[in-house]
file final_35.csv (CSV, C-alpha atoms)
chain,number,residue,atom,x,y,z
A,1445,MET,CA,118.8,77.1,-43.9
A,1446,ILE,CA,115.5,75.2,-44.2
A,1447,LYS,CA,113.4,75.2,-47.3
A,1448,LYS,CA,110.7,72.7,-46.6
A,1449,ARG,CA,107.3,73.7,-45.3
A,1450,VAL,CA,107.3,71.0,-42.7
A,1451,LEU,CA,110.6,70.2,-40.9
A,1452,THR,CA,111.7,67.0,-39.3
A,1453,ILE,CA,115.4,67.4,-38.6
A,1454,CYS,CA,117.7,70.3,-39.0
A,1455,THR,CA,118.6,70.4,-36.4
A,1456,LEU,CA,124.9,79.8,-13.8
A,1457,LEU,CA,125.8,79.0,-11.1
A,1458,LEU,CA,128.1,76.8,-8.9
A,1459,CYS,CA,126.9,73.9,-6.8
A,1460,SER,CA,126.5,75.2,-3.2
A,1461,GLY,CA,126.8,71.8,-1.5
A,1462,VAL,CA,123.3,70.8,-2.6
A,1463,ALA,CA,123.0,67.0,-2.9
A,1464,TYR,CA,121.8,65.8,-6.3
A,1465,ALA,CA,121.0,62.3,-7.4
A,1466,GLU,CA,119.7,61.4,-10.8
A,1467,SER,CA,120.4,59.0,-13.6
A,1468,GLU,CA,123.2,59.9,-16.0
A,1469,SER,CA,120.7,59.3,-18.8
A,1470,GLU,CA,119.4,62.8,-18.5
A,1471,ASN,CA,122.9,64.2,-19.0
A,1472,LEU,CA,123.4,62.1,-22.1
A,1473,LEU,CA,120.0,63.0,-23.5
A,1474,LEU,CA,121.2,66.4,-24.6
A,1475,GLU,CA,124.2,65.0,-26.4
A,1476,LYS,CA,122.7,62.2,-28.3
A,1477,GLU,CA,120.0,61.8,-30.9
A,1478,ALA,CA,116.6,61.4,-29.2
A,1479,ALA,CA,113.0,60.9,-30.4
A,1480,ALA,CA,111.0,64.1,-30.3
A,1481,SER,CA,108.1,64.2,-27.9
A,1482,THR,CA,104.6,65.4,-28.9
A,1483,LEU,CA,104.8,68.6,-26.8
A,1484,PHE,CA,105.2,70.7,-29.9
A,1485,SER,CA,104.3,70.1,-33.5
A,1486,ALA,CA,106.9,70.0,-36.3
A,1487,ALA,CA,108.0,73.4,-37.4
A,1488,GLU,CA,106.2,75.0,-40.3
A,1489,VAL,CA,106.8,78.1,-42.4
A,1490,TRP,CA,104.4,80.8,-41.3
A,1491,ASN,CA,106.1,83.7,-43.2
A,1492,ALA,CA,108.7,84.1,-45.9
A,1493,ALA,CA,110.1,87.4,-44.4
A,1494,TYR,CA,112.2,88.5,-41.5
A,1495,GLY,CA,115.0,86.1,-42.1
A,1496,TYR,CA,118.8,86.5,-42.4
A,1497,ASN,CA,118.8,86.0,-46.1
A,1498,ASP,CA,116.1,88.6,-46.4
A,1499,GLY,CA,118.6,91.2,-45.0
A,1500,TRP,CA,117.5,91.1,-41.3
A,1501,ARG,CA,120.4,91.4,-38.8
A,1502,THR,CA,120.3,91.1,-35.1
A,1503,THR,CA,122.8,93.9,-34.9
A,1504,GLN,CA,120.4,96.3,-36.7
A,1505,HIS,CA,116.9,94.9,-36.8
A,1506,PRO,CA,115.2,93.9,-33.6
A,1507,ARG,CA,112.3,91.4,-34.0
A,1508,MET,CA,109.7,90.8,-31.4
A,1509,ILE,CA,106.3,89.2,-30.9
A,1510,ALA,CA,103.5,91.0,-29.2
A,1511,ASP,CA,99.7,91.3,-29.6
A,1512,VAL,CA,99.3,94.6,-31.4
A,1513,ASN,CA,95.6,94.3,-32.3
A,1514,GLY,CA,94.1,92.8,-29.2
A,1515,ASP,CA,92.8,89.5,-30.6
A,1516,GLY,CA,94.8,87.4,-28.2
A,1517,LEU,CA,97.3,86.2,-30.8
A,1518,LYS,CA,101.0,87.3,-30.8
A,1519,ASP,CA,102.1,89.1,-33.9
A,1520,ILE,CA,105.5,89.8,-35.4
A,1521,VAL,CA,106.9,93.3,-34.9
A,1522,GLY,CA,110.1,93.9,-36.9
A,1523,PHE,CA,112.3,97.0,-36.8
A,1524,GLY,CA,113.4,96.9,-40.5
A,1525,LYS,CA,115.2,99.2,-42.9
A,1526,GLU,CA,112.3,101.6,-43.7
A,1527,GLY,CA,110.5,101.4,-40.4
A,1528,VAL,CA,108.5,99.1,-38.2
A,1529,TYR,CA,106.8,96.2,-40.0
A,1530,VAL,CA,104.0,94.1,-38.5
A,1531,SER,CA,102.8,90.7,-39.6
A,1532,LEU,CA,99.5,89.9,-37.9
A,1533,SER,CA,98.8,86.3,-36.8
A,1534,SER,CA,95.7,84.6,-38.1
A,1535,GLY,CA,96.3,81.5,-35.9
A,1536,THR,CA,97.7,79.5,-38.8
A,1537,GLU,CA,100.2,81.9,-40.4
A,1538,PHE,CA,101.6,85.4,-40.3
A,1539,ALA,CA,100.3,88.0,-42.8
A,1540,ALA,CA,102.6,89.7,-45.2
A,1541,PRO,CA,104.7,92.4,-43.5
A,1542,ALA,CA,102.9,95.8,-43.4
A,1543,LEU,CA,104.7,99.1,-42.6
A,1544,TRP,CA,103.0,100.4,-39.5
A,1545,VAL,CA,105.3,103.4,-38.8
A,1546,LYS,CA,108.3,105.0,-40.4
A,1547,ASN,CA,110.7,105.4,-37.5
A,1548,TYR,CA,112.7,103.6,-34.8
A,1549,THR,CA,115.2,102.2,-37.3
A,1550,PRO,CA,118.8,102.9,-38.4
A,1551,MET,CA,117.5,105.1,-41.2
A,1552,TYR,CA,116.1,107.4,-38.5
A,1553,GLY,CA,119.1,107.3,-36.3
A,1554,TRP,CA,118.1,104.4,-34.0
A,1555,GLN,CA,121.0,101.9,-33.3
A,1556,VAL,CA,120.8,98.6,-31.4
A,1557,PRO,CA,123.9,99.4,-29.2
A,1558,LEU,CA,122.5,102.8,-28.2
A,1559,HIS,CA,118.7,102.8,-28.3
A,1560,PRO,CA,116.7,100.0,-26.6
A,1561,ARG,CA,113.2,99.3,-28.0
A,1562,VAL,CA,110.5,97.2,-26.4
A,1563,MET,CA,106.9,96.3,-26.9
A,1564,ALA,CA,104.5,96.9,-24.0
A,1565,ASP,CA,101.0,98.3,-23.3
A,1566,ALA,CA,101.7,101.9,-22.4
A,1567,ASN,CA,98.1,103.1,-22.1
A,1568,GLY,CA,96.2,100.1,-20.8
A,1569,ASP,CA,94.0,99.4,-23.8
A,1570,GLY,CA,95.2,95.8,-24.2
A,1571,LEU,CA,97.3,96.6,-27.4
A,1572,ALA,CA,101.1,96.4,-27.4
A,1573,ASP,CA,102.8,99.7,-28.1
A,1574,ILE,CA,106.3,100.7,-29.1
A,1575,ILE,CA,108.5,102.2,-26.3
A,1576,GLY,CA,111.8,103.4,-27.6
A,1577,PHE,CA,114.7,104.9,-25.6
A,1578,GLY,CA,116.0,107.4,-28.1
A,1579,LYS,CA,118.6,110.2,-28.0
A,1580,GLU,CA,116.2,112.9,-26.5
A,1581,GLY,CA,114.3,110.5,-24.2
A,1582,VAL,CA,111.6,107.9,-24.3
A,1583,TYR,CA,109.4,107.9,-27.4
A,1584,VAL,CA,106.0,106.0,-27.6
A,1585,SER,CA,104.0,105.0,-30.6
A,1586,LEU,CA,100.6,103.7,-29.6
A,1587,SER,CA,98.9,100.9,-31.5
A,1588,THR,CA,95.5,101.5,-33.0
A,1589,GLY,CA,95.2,97.9,-34.0
A,1590,SER,CA,96.1,98.6,-37.6
A,1591,GLU,CA,99.1,101.0,-37.3
A,1592,PHE,CA,101.3,102.7,-34.8
A,1593,SER,CA,100.9,106.4,-34.1
A,1594,THR,CA,103.6,108.9,-34.9
A,1595,PRO,CA,106.3,108.7,-32.3
A,1596,LYS,CA,105.7,111.1,-29.4
A,1597,LEU,CA,108.3,112.1,-26.7
A,1598,TRP,CA,106.6,111.0,-23.5
A,1599,VAL,CA,109.5,111.9,-21.2
A,1600,GLN,CA,112.7,113.8,-21.7
A,1601,GLN,CA,114.8,111.4,-19.6
A,1602,PHE,CA,116.4,108.0,-19.9
A,1603,GLY,CA,117.9,108.8,-23.3
A,1604,TYR,CA,121.3,108.9,-24.7
A,1605,ASN,CA,121.6,112.7,-24.5
A,1606,GLN,CA,120.8,112.6,-20.8
A,1607,GLY,CA,123.8,110.3,-20.3
A,1608,TRP,CA,122.1,106.9,-20.3
A,1609,ARG,CA,124.3,104.1,-21.7
A,1610,LYS,CA,123.4,100.4,-22.3
A,1611,LEU,CA,126.6,99.2,-20.8
A,1612,ARG,CA,126.1,101.1,-17.6
A,1613,HIS,CA,122.4,101.9,-17.0
A,1614,PRO,CA,119.8,99.1,-17.5
A,1615,ARG,CA,116.3,100.4,-18.5
A,1616,GLN,CA,113.2,98.2,-18.2
A,1617,VAL,CA,109.5,98.6,-18.5
A,1618,ALA,CA,107.1,97.0,-16.0
A,1619,ASP,CA,103.9,97.9,-14.1
A,1620,VAL,CA,105.1,99.0,-10.7
A,1621,ASN,CA,101.9,100.5,-9.4
A,1622,GLY,CA,99.3,98.0,-10.6
A,1623,ASP,CA,97.3,100.2,-13.0
A,1624,GLY,CA,97.8,98.0,-16.0
A,1625,MET,CA,100.1,100.4,-17.8
A,1626,ALA,CA,103.8,99.9,-18.4
A,1627,ASP,CA,106.1,102.2,-16.5
A,1628,ILE,CA,109.8,103.1,-17.0
A,1629,ILE,CA,112.4,101.8,-14.5
A,1630,GLY,CA,115.9,103.1,-15.0
A,1631,PHE,CA,119.0,102.0,-13.0
A,1632,ALA,CA,120.9,105.3,-13.0
A,1633,ASP,CA,124.2,106.2,-11.5
A,1634,GLY,CA,122.6,107.2,-8.2
A,1635,GLY,CA,119.8,104.7,-7.9
A,1636,VAL,CA,116.6,103.5,-9.4
A,1637,ILE,CA,114.5,106.2,-11.2
A,1638,VAL,CA,110.8,105.6,-12.1
A,1639,ALA,CA,108.5,107.4,-14.5
A,1640,LEU,CA,104.9,106.2,-14.2
A,1641,SER,CA,102.7,106.0,-17.3
A,1642,THR,CA,99.6,108.2,-17.3
A,1643,GLY,CA,98.3,106.7,-20.5
A,1644,ASN,CA,99.4,109.6,-22.7
A,1645,GLY,CA,102.8,110.4,-21.2
A,1646,PHE,CA,105.2,109.4,-18.4
A,1647,SER,CA,105.3,111.3,-15.2
A,1648,ALA,CA,108.3,113.3,-14.1
A,1649,PRO,CA,111.0,110.8,-13.2
A,1650,SER,CA,111.7,110.4,-9.5
A,1651,THR,CA,114.1,108.3,-7.5
A,1652,TRP,CA,112.3,105.4,-5.8
A,1653,VAL,CA,115.4,104.0,-4.1
A,1654,GLU,CA,119.0,105.1,-3.8
A,1655,GLN,CA,120.5,101.8,-4.5
A,1656,TYR,CA,121.3,99.4,-7.4
A,1657,GLY,CA,123.1,102.1,-9.3
A,1658,PHE,CA,126.6,102.5,-10.7
A,1659,ASN,CA,127.7,104.8,-7.8
A,1660,GLN,CA,126.8,102.0,-5.4
A,1661,GLY,CA,129.1,99.6,-7.2
A,1662,TRP,CA,126.6,97.8,-9.4
A,1663,ARG,CA,128.0,96.7,-12.7
A,1664,ILE,CA,126.3,95.1,-15.7
A,1665,ASN,CA,128.9,92.4,-16.2
A,1666,LYS,CA,128.6,91.3,-12.6
A,1667,HIS,CA,125.3,92.2,-11.1
A,1668,PRO,CA,122.1,91.4,-12.9
A,1669,ARG,CA,119.1,93.5,-12.1
A,1670,THR,CA,115.5,92.7,-13.1
A,1671,MET,CA,111.9,93.4,-12.3
A,1672,ALA,CA,109.6,90.7,-11.0
A,1673,ASP,CA,106.7,90.2,-8.7
A,1674,VAL,CA,108.3,88.3,-5.8
A,1675,ASN,CA,105.5,88.7,-3.2
A,1676,GLY,CA,102.4,88.2,-5.4
A,1677,ASP,CA,100.8,91.6,-4.9
A,1678,GLY,CA,100.7,92.4,-8.7
A,1679,LEU,CA,103.4,95.1,-8.5
A,1680,ALA,CA,106.8,94.6,-10.1
A,1681,ASP,CA,109.7,94.7,-7.6
A,1682,VAL,CA,113.4,95.1,-8.0
A,1683,VAL,CA,115.6,92.0,-7.7
A,1684,GLY,CA,119.3,92.7,-7.9
A,1685,PHE,CA,122.1,90.2,-7.6
A,1686,ALA,CA,124.8,91.9,-5.7
A,1687,GLY,CA,128.2,90.4,-5.0
A,1688,ASN,CA,127.0,88.4,-2.0
A,1689,GLY,CA,123.5,87.6,-3.1
A,1690,PRO,CA,120.1,88.9,-4.3
A,1691,TYR,CA,118.6,92.0,-2.7
A,1692,VAL,CA,115.0,92.8,-3.1
A,1693,ALA,CA,113.2,96.2,-3.0
A,1694,LEU,CA,109.5,95.7,-2.9
A,1695,SER,CA,107.2,98.1,-4.7
A,1696,THR,CA,104.6,100.0,-2.7
A,1697,GLY,CA,103.1,101.6,-5.8
A,1698,SER,CA,104.8,104.9,-5.1
A,1699,GLY,CA,108.3,103.8,-4.1
A,1700,PHE,CA,110.6,100.9,-3.5
A,1701,THR,CA,111.3,99.7,0.0
A,1702,THR,CA,114.9,99.6,1.3
A,1703,PRO,CA,116.7,96.7,-0.3
A,1704,ALA,CA,116.5,93.6,1.8
A,1705,TYR,CA,119.0,90.7,1.7
A,1706,TRP,CA,116.9,87.7,0.6
A,1707,LEU,CA,119.5,85.0,-0.1
A,1708,GLU,CA,123.2,84.5,0.5
A,1709,ASP,CA,123.8,82.6,-2.7
A,1710,MET,CA,123.5,82.6,-6.5
A,1711,ALA,CA,125.8,85.6,-6.9
A,1712,GLN,CA,129.3,86.7,-7.9
A,1713,ASN,CA,130.9,85.8,-4.6
A,1714,GLN,CA,129.6,82.2,-4.8
A,1715,GLY,CA,131.0,81.7,-8.3
A,1716,TRP,CA,128.1,82.8,-10.4
A,1717,ARG,CA,129.1,84.6,-13.6
A,1718,VAL,CA,127.0,86.6,-16.0
A,1719,SER,CA,128.9,85.1,-18.9
A,1720,GLN,CA,128.2,81.6,-17.9
A,1721,HIS,CA,125.2,81.2,-15.5
A,1722,PRO,CA,121.9,82.8,-16.6
A,1723,ARG,CA,119.5,83.6,-13.7
A,1724,VAL,CA,115.8,84.1,-14.4
A,1725,LEU,CA,112.8,85.1,-12.3
A,1726,ALA,CA,109.7,83.1,-12.9
A,1727,ASP,CA,106.9,81.4,-10.9
A,1728,VAL,CA,107.8,77.7,-11.0
A,1729,ASP,CA,105.5,76.5,-8.2
A,1730,GLY,CA,102.3,78.3,-9.1
A,1731,ASP,CA,102.0,80.3,-5.9
A,1732,GLY,CA,102.0,83.7,-7.6
A,1733,ASN,CA,105.5,84.7,-6.4
A,1734,ASP,CA,108.4,84.8,-8.9
A,1735,ASP,CA,111.2,82.5,-8.0
A,1736,ILE,CA,114.9,82.4,-9.0
A,1737,VAL,CA,115.9,79.8,-11.6
A,1738,GLY,CA,119.6,79.6,-12.1
A,1739,PHE,CA,121.4,77.6,-14.7
A,1740,GLY,CA,124.5,76.7,-12.8
A,1741,LYS,CA,127.8,74.8,-13.2
A,1742,ASN,CA,126.4,71.4,-12.4
A,1743,ALA,CA,122.7,71.7,-12.4
A,1744,THR,CA,119.7,74.0,-12.7
A,1745,TYR,CA,118.9,75.5,-9.3
A,1746,VAL,CA,115.7,77.0,-7.9
A,1747,ALA,CA,115.3,79.3,-4.9
A,1748,LEU,CA,111.6,79.6,-4.2
A,1749,SER,CA,110.1,82.9,-3.0
A,1750,THR,CA,108.3,82.9,0.3
A,1751,GLY,CA,107.2,86.5,-0.3
A,1752,SER,CA,109.8,87.8,2.1
A,1753,SER,CA,112.9,85.8,1.2
A,1754,PHE,CA,114.2,83.2,-1.1
A,1755,SER,CA,114.7,79.6,0.0
A,1756,SER,CA,118.0,77.9,-0.1
A,1757,PRO,CA,118.8,76.9,-3.7
A,1758,ALA,CA,117.8,73.3,-4.6
A,1759,ALA,CA,119.0,71.4,-7.7
A,1760,TRP,CA,115.8,70.7,-9.7
A,1761,THR,CA,117.4,69.1,-12.7
A,1762,LYS,CA,120.9,68.2,-13.8
A,1763,ALA,CA,120.2,69.4,-17.4
A,1764,TYR,CA,120.7,72.8,-19.0
A,1765,SER,CA,123.9,73.4,-16.9
A,1766,LEU,CA,127.4,74.4,-17.9
A,1767,ALA,CA,128.7,70.9,-17.1
A,1768,ASN,CA,125.9,69.5,-19.3
A,1769,GLY,CA,127.3,71.4,-22.3
A,1770,TRP,CA,125.0,74.5,-22.3
A,1771,ARG,CA,126.7,77.7,-23.3
A,1772,ILE,CA,125.3,81.3,-23.3
A,1773,LYS,CA,126.5,82.1,-26.7
A,1774,GLN,CA,125.0,79.0,-28.3
A,1775,HIS,CA,122.0,77.8,-26.3
A,1776,LEU,CA,119.0,79.9,-25.3
A,1777,ARG,CA,117.1,78.9,-22.1
A,1778,LYS,CA,113.7,80.3,-21.3
A,1779,LEU,CA,111.0,79.9,-18.7
A,1780,VAL,CA,107.4,79.7,-19.9
A,1781,ASP,CA,104.3,77.7,-18.9
A,1782,VAL,CA,104.3,75.0,-21.5
A,1783,ASN,CA,101.4,72.9,-20.3
A,1784,GLY,CA,99.0,75.5,-18.8
A,1785,ASP,CA,99.2,74.4,-15.2
A,1786,GLY,CA,100.3,77.8,-13.9
A,1787,MET,CA,103.9,76.8,-13.3
A,1788,LYS,CA,106.8,77.9,-15.5
A,1789,ASP,CA,108.7,75.2,-17.3
A,1790,ILE,CA,112.2,75.2,-18.9
A,1791,VAL,CA,112.4,75.5,-22.7
A,1792,GLY,CA,116.0,75.1,-23.9
A,1793,PHE,CA,117.4,75.5,-27.4
A,1794,GLY,CA,120.1,72.9,-27.4
A,1795,ASN,CA,122.4,71.4,-30.0
A,1796,GLN,CA,119.9,69.0,-31.6
A,1797,GLY,CA,116.7,70.9,-31.1
A,1798,VAL,CA,114.4,72.2,-28.4
A,1799,TYR,CA,114.2,70.5,-25.0
A,1800,VAL,CA,111.5,70.9,-22.4
A,1801,SER,CA,111.5,70.1,-18.7
A,1802,LEU,CA,108.1,70.5,-17.0
A,1803,SER,CA,107.8,71.8,-13.5
A,1804,SER,CA,106.0,69.7,-10.8
A,1805,GLY,CA,106.2,72.6,-8.3
A,1806,ALA,CA,109.0,70.8,-6.5
A,1807,GLY,CA,111.3,69.9,-9.4
A,1808,PHE,CA,111.8,69.8,-13.2
A,1809,ASP,CA,111.2,66.5,-14.9
A,1810,ALA,CA,113.8,64.9,-17.2
A,1811,ALA,CA,114.6,66.9,-20.3
A,1812,GLN,CA,112.7,65.7,-23.3
A,1813,MET,CA,113.2,66.7,-26.9
A,1814,ALA,CA,110.2,68.7,-28.0
A,1815,VAL,CA,111.0,69.4,-31.6
A,1816,LYS,CA,114.0,68.6,-33.7
A,1817,THR,CA,114.5,72.1,-35.1
A,1818,PHE,CA,115.8,75.4,-33.9
A,1819,GLY,CA,119.0,73.8,-32.6
A,1820,TYR,CA,122.7,74.9,-32.8
A,1821,SER,CA,123.8,71.9,-34.8
A,1822,GLY,CA,121.0,72.6,-37.3
A,1823,GLY,CA,122.5,76.0,-38.1
A,1824,TRP,CA,120.6,78.2,-35.8
A,1825,LYS,CA,122.8,80.8,-34.2
A,1826,ILE,CA,122.0,83.4,-31.5
A,1827,SER,CA,123.9,86.0,-33.6
A,1828,GLN,CA,121.6,85.5,-36.6
A,1829,HIS,CA,118.4,83.7,-35.7
A,1830,PRO,CA,116.2,85.0,-32.9
A,1831,ARG,CA,113.9,82.4,-31.3
A,1832,LEU,CA,111.0,83.5,-29.2
A,1833,LEU,CA,108.0,81.9,-27.3
A,1834,GLY,CA,104.5,83.2,-27.3
A,1835,ASP,CA,100.9,82.3,-28.1
A,1836,VAL,CA,100.4,82.8,-31.8
A,1837,ASN,CA,97.1,80.8,-32.2
A,1838,GLY,CA,95.1,81.9,-29.1
A,1839,ASP,CA,94.9,78.6,-27.2
A,1840,GLY,CA,96.6,80.1,-24.2
A,1841,LEU,CA,99.8,78.1,-24.6
A,1842,SER,CA,103.2,79.4,-25.7
A,1843,ASP,CA,104.4,78.4,-29.1
A,1844,ILE,CA,107.9,78.5,-30.6
A,1845,ILE,CA,108.7,81.2,-33.2
A,1846,GLY,CA,112.1,81.1,-35.0
A,1847,PHE,CA,113.5,83.6,-37.4
A,1848,GLY,CA,115.6,81.4,-39.7
A,1849,SER,CA,117.8,82.2,-42.6
A,1850,ASP,CA,115.1,81.9,-45.2
A,1851,ASN,CA,111.7,82.1,-43.4
A,1852,THR,CA,109.9,82.6,-40.1
A,1853,TYR,CA,109.0,79.2,-38.6
A,1854,VAL,CA,106.5,78.2,-36.0
A,1855,SER,CA,106.1,75.1,-33.9
A,1856,LEU,CA,102.7,75.0,-32.2
A,1857,ASN,CA,102.2,73.8,-28.6
A,1858,ASN,CA,100.3,70.5,-28.6
A,1859,ASN,CA,99.3,70.6,-24.9
call {"tool": "encode", "arguments": {"input": "final_35.csv", "output": "structure tokens"}}
result
Amino acid sequence: MIKKRVLTICTLLLCSGVAYAESESENLLLEKEAAASTLFSAAEVWNAAYGYNDGWRTTQHPRMIADVNGDGLKDIVGFGKEGVYVSLSSGTEFAAPALWVKNYTPMYGWQVPLHPRVMADANGDGLADIIGFGKEGVYVSLSTGSEFSTPKLWVQQFGYNQGWRKLRHPRQVADVNGDGMADIIGFADGGVIVALSTGNGFSAPSTWVEQYGFNQGWRINKHPRTMADVNGDGLADVVGFAGNGPYVALSTGSGFTTPAYWLEDMAQNQGWRVSQHPRVLADVDGDGNDDIVGFGKNATYVALSTGSSFSSPAAWTKAYSLANGWRIKQHLRKLVDVNGDGMKDIVGFGNQGVYVSLSSGAGFDAAQMAVKTFGYSGGWKISQHPRLLGDVNGDGLSDIIGFGSDNTYVSLNNN
């Protein structure tokens, strides 16, 4: 797709009666050629591996970034044919792929449609470990900084053989008790089940709240469920978008509170659709509480968290919306702190490249093209080319990492 080292060009929600006034120039910005800002550097080749032409497929080979050696730089972790490969970041490039553990791949029975795999710190040592939801349960391979340990079954639950299915039972990892170790949260048929990490295993699973499950009417294609800290106490809480709005169950460290109705909006009954309108939890005003950011029909809406409820949705920018031409199957939209001010900003992978809208705490500024690479018109496809954000050079700011057809590219954050 791109063969030069330095690249120049290669390039949900419904309005709820919220008034919105802004120049049409922002709407046109995402459709026409625009000069790139200086927010990110031009994309460069950091590694010649992990690309589509090298045999990597999103349907078979998950690729992630995580700090596996504790140096503060995000590294590549790729679940390849023979096993899990790692390319450590030096701050200026990724090292050649090294095989850190022979497991977790199709050769060993792991399949993307059946067996989720994530990177998280399972034992609190500051190194990202592999957590895999296999047939028999949850397996963990701890990072030593130079390899992953042999997979160990940490809990015989949440696996395929216990009846867990990706299209019915979301499973996530998050720290729900504040000890710095990643715990398992599973949305089962009967409710939310949690297994706490002890550092060398997961505790016996227990039901923390009898809600948000399949038996209570929750469906993956209608009702997003996620973990986020919405009251700023350092514990991950449950946020579930039911038919009539988001319900929140706060973590006490040993259970979840009874779900409370925090907002009558941004849900199925108000016209929001999983297939059209992404909803993300992120702190966009810097108060320590995660807020709802919804990419709607006519604008991007924000519902700020007060710690006990969400405010009425307000249109923070007209960009990144369905009416603005953004589509789930073509255009990634992510929330990260681009400029280091403690407030999450929008990073959108549009047609012509990557666009950024910085948060002021009360709105998002006009979308500006950050780098003329990684865009849909330049051949980057969600089905073939994962694009991630993370700090690969240790300056505390998120950079862009793109797994292209031929190489792995990085665009450094210039803030």
call {"tool": "atom_distance", "arguments": {"input": "final_35.csv", "atom1": "atom CA of Glu1580 of chain A", "atom2": "atom CA of Gln1655 of chain A"}}
result
25.0 Å
call {"tool": "atom_distance", "arguments": {"input": "final_35.csv", "atom1": "atom CA of Ala1510 of chain A", "atom2": "atom CA of Val1638 of chain A"}}
result
23.6 Å
call {"tool": "closest_residue", "arguments": {"input": "final_35.csv", "among": "A:Ser1533, A:Asn1659, A:Asp1511, A:Val1528", "to": "Gly1589 of chain A", "atoms": "all atoms listed in the file"}}
result
A:Asp1511
call {"tool": "residues_around", "arguments": {"input": "final_35.csv", "residues": "segment 1660-1672 of chain A", "least_positions_apart": "6", "cutoff": "9 Å", "atoms": "all atoms listed in the file", "output": "JSON, numbers by chain"}}
result
{"A": [1610, 1611, 1612, 1613, 1614, 1616, 1617, 1618, 1620, 1629, 1631, 1633, 1634, 1635, 1654, 1679, 1680, 1681, 1682, 1683, 1684, 1685, 1686, 1687, 1711, 1712, 1716, 1717, 1718, 1719, 1723, 1724, 1725, 1726, 1733, 1734, 1735]}
call {"tool": "closest_residue", "arguments": {"input": "final_35.csv", "among": "A:Pro1506, A:Gly1784, A:Pro1722, A:Gly1603", "to": "Arg1561 of chain A", "atoms": "only C-alpha atoms"}}
result
A:Pro1506
call {"tool": "closest_residue", "arguments": {"input": "final_35.csv", "among": "A:Ala1566, A:Ala1758, A:Met1787, A:Met1813", "to": "Gly1732 of chain A", "atoms": "all atoms listed in the file"}}
result
A:Met1787
call {"tool": "residues_around", "arguments": {"input": "final_35.csv", "residues": "Trp1770 of chain A", "least_positions_apart": "3", "cutoff": "12 Å", "atoms": "only C-alpha atoms", "output": "ChimeraX atom specification"}}
result
/A:1456,1471,1474-1475,1719-1722,1739-1744,1762-1767,1773-1777,1792-1796,1799,1819-1820
call {"tool": "atom_distance", "arguments": {"input": "final_35.csv", "atom1": "atom CA of Val1728 of chain A", "atom2": "atom CA of Gly1805 of chain A"}}
result
6.0 Å
call {"tool": "closest_residue", "arguments": {"input": "final_35.csv", "among": "A:Ser1585, A:Ser1481, A:Ser1698, A:Ser1842", "to": "Leu1856 of chain A", "atoms": "all atoms listed in the file"}}
result
A:Ser1842
call {"tool": "closest_residue", "arguments": {"input": "final_35.csv", "among": "A:Ser1587, A:Asn1547, A:Thr1852, A:Ser1531", "to": "Arg1831 of chain A", "atoms": "all atoms listed in the file"}}
result
A:Thr1852
call {"tool": "closest_residue", "arguments": {"input": "final_35.csv", "among": "A:Asp1519, A:Asp1623, A:Asp1785, A:Asp1709", "to": "Asn1567 of chain A", "atoms": "all atoms listed in the file"}}
result
A:Asp1623
call {"tool": "residues_around", "arguments": {"input": "final_35.csv", "residues": "Tyr1496 of chain A", "least_positions_apart": "4", "cutoff": "9 Å", "atoms": "all atoms listed in the file", "output": "number ranges by chain"}}
result
A: 1500-1502, 1828-1829, 1847-1851
call {"tool": "residues_around", "arguments": {"input": "final_35.csv", "residues": "Val1780 of chain A", "least_positions_apart": "3", "cutoff": "7 Å", "atoms": "all atoms listed in the file", "output": "MDAnalysis selection string"}}
result
chainID A and resid 1788:1790
call {"tool": "residues_around", "arguments": {"input": "final_35.csv", "residues": "Lys1546 of chain A", "least_positions_apart": "3", "cutoff": "10 Å", "atoms": "all atoms listed in the file", "output": "list in words"}}
result
Phe1523, Gly1524, Lys1525, Glu1526, Gly1527, Val1528, Tyr1529, Leu1543, Thr1549, Met1551, Tyr1552, Phe1592, Ser1593, Thr1594 and Pro1595 of chain A
